[in-house]
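Novice: First the structure, which I've put down as structure tokens, then a few questions once you've had a look.
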Amino acid sequence: MAKKPLILITNDDGITAKGIRALINVMRTIGDIIVVAPDKPQSAMGHAITINDTLYCDPFVYDPEATHEEYSCSGTPADCVKLANQQILDRTPDICVSGINHGSNSSINVIYSGTMSAAVEAGVEGIPAIGFSLMDYSADANFDACVPFVKAITEKVLESGLPKGVVLNVNIPKLPLEEIKGTKVCRQAKAMWVEDFDKRTNPYGRDYYWLTGEFINQDKGEDTDEWALAQGYVSIVPTQFDLTAHHAIQELNTWDL
């Protein structure tokens, strides 16, 4: 009988979030699972790691009848993956899945995302990894439509692997299952946040700021994640963590330095 794959599950919305609970339920049908996730929301933490504070990672019970292990970590999503791989697990997981995030991680959002940074950290450590996100920011979002896509994509990665240095960024539109047209492998759209800070003053006279902003998609291409999501497709973006701008090396080598 074939050995079941070992699946590491994490997220950035916190270990009790509805999205990670949906992800756990899917992964139970695929392999043996272990959950190491933040003890509180860590959205937009990017690839931060804890270096100037203590880290705690304690056993966590969400469902007393569950047979898998869960750990609640005081650190960031990237911390969770590091601790799982180096301290908790007795073998390298066959795959790491992160999410399902409450909200989009398409386009430029990938660089801010704790969900994707957990997947990237796994990739850095040589583990095939996928970040899953649903385009619904509600804490009570409905993840039912995500299930068949999360299952199919995870099983395909386990079967076929991923190119070296690549993890997947998967975003799912906020639509009923019957309205989702399928999947599209895409490039990351060129888009940005035009940000503003709402300046206020607290009762003690000290100024403080709330970050606000508008997401601007500058990319009119029909091969991007933003286009695919707008058309009702699940977007799959192969994402690399080598940030070298290889196309610029030749030009920079012409500089007289």
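Every chain in the structure tokens has a letter given in the order shown (A, B, ...), and although residue numbers restart at 1 in each chain, ligands are simply numbered from 1 in the order shown.
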Which residues are near Leu211 of chain A? Cut-off 12 Å, only C-alpha atoms, ignore same chain within fewer than 4 positions. Put them as a PyMOL selection string.
Specialist: chain A and resi 193-200
Novice: Out of segment 1-165 of chain A, which residues get alpha helix (DSSP H) from DSSP, as an NGL selection string?
Specialist: :A and (18-28 or 77-83 or 114-124 or 147-160)
Novice: Rounded to one decimal place, report the atom CA of Leu8 of chain A-atom CA of Leu177 of chain A distance in Å.
Specialist: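 We find that atom CA of Leu8 of chain A and atom CA of Leu177 of chain A lie 26.1 Å from each other.
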Novice: Env of Thr54 of chain A: 10 Å cut, atoms = only C-alpha atoms, seq-sep filter 4 positions within chain, self excluded. Answer as a list in words.
Specialist: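 Listing them by chain and then by number gives Thr50, Ser74 and Gly75 of chain A.
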Novice: Could you write out that same residue set with N, CA, C and O atoms as a PDB file, in the first residue's frame?
Specialist:
```
ATOM      1  N   THR A  50      10.905  36.233  13.002  1.00  0.00           N
ATOM      2  CA  THR A  50      11.127  36.733  14.356  1.00  0.00           C
ATOM      3  C   THR A  50      12.579  36.526  14.743  1.00  0.00           C
ATOM      4  O   THR A  50      13.063  35.387  14.807  1.00  0.00           O
ATOM      5  N   SER A  74       3.512  31.640  17.942  1.00  0.00           N
ATOM      6  CA  SER A  74       3.442  33.074  18.238  1.00  0.00           C
ATOM      7  C   SER A  74       4.056  33.927  17.134  1.00  0.00           C
ATOM      8  O   SER A  74       3.939  35.152  17.168  1.00  0.00           O
ATOM      9  N   GLY A  75       4.720  33.305  16.166  1.00  0.00           N
ATOM     10  CA  GLY A  75       5.445  34.056  15.145  1.00  0.00           C
ATOM     11  C   GLY A  75       4.669  34.265  13.864  1.00  0.00           C
ATOM     12  O   GLY A  75       3.445  34.163  13.800  1.00  0.00           O
TER      13      GLY A  75
END
```
Novice: Which segment 150-174 of chain A residues have any atom within 7 Å of an atom of segment 220-236 of chain A, and for each, what is the nearest pair of atoms with distance in Å to one decimal, counting only C-alpha atoms, rows sorted by chain and number, as JSON lines?
Specialist:
```
{"residue": "A:Leu168", "atom": "CA", "partner": "A:Ile236", "partner_atom": "CA", "distance": 6.5}
{"residue": "A:Asn169", "atom": "CA", "partner": "A:Ile236", "partner_atom": "CA", "distance": 5.7}
{"residue": "A:Val170", "atom": "CA", "partner": "A:Ile236", "partner_atom": "CA", "distance": 4.6}
{"residue": "A:Asn171", "atom": "CA", "partner": "A:Ser235", "partner_atom": "CA", "distance": 5.3}
{"residue": "A:Ile172", "atom": "CA", "partner": "A:Val234", "partner_atom": "CA", "distance": 4.7}
{"residue": "A:Pro173", "atom": "CA", "partner": "A:Leu229", "partner_atom": "CA", "distance": 5.7}
```
Novice: So that I can check the surroundings of Asp140 of chain A, please list as a PyMOL selection string every protein, DNA and RNA residue that reaches within 7 Å of it, counting only C-alpha atoms and ignoring chain neighbours fewer than 2 positions away.
Specialist: chain A and resi 18+138+142
Novice: Of the candidates A:Met45, A:Val36, A:Val237, A:Ile51, which one gets nearest to Glu70 of chain A if we count only C-alpha atoms?
Specialist: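 Answer, going by the shortest atom-to-atom distance: A:Val36.
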Novice: Excluding segment 81-91 of chain A and its own-chain neighbours fewer than 6 positions away, which residues fall within 10 Å of it when counting only C-alpha atoms? Please give them as a PyMOL selection string.
Specialist: chain A and resi 6+8-11+34-37+49+55-57+71+73+75+98+117-122+125+127
Novice: Considering only strand (DSSP E) as DSSP defines it on the backbone, what residues of segment 10-161 of chain A qualify? List them as a VMD selection string.
Specialist: chain A and resid 10 32 to 38 57 to 59 69 to 73 95 to 102 129 to 134
Novice: Pick from A:Ala78, A:Arg28, A:Leu23, A:Val110: nearest to Cys146 of chain A, with only C-alpha atoms counted?
Specialist: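 Checking each of A:Ala78, A:Arg28, A:Leu23, A:Val110 against Cys146 of chain A, counting only C-alpha atoms, the winner is A:Leu23.
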Novice: Name the closest residue to Asn25 of chain A among the candidates A:Pro176, A:Ala66, A:Asn202, A:Leu158; distances are taken between atoms, counting only C-alpha atoms.
Specialist: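 Using only C-alpha atoms, the shortest distance to Asn25 of chain A belongs to A:Ala66.
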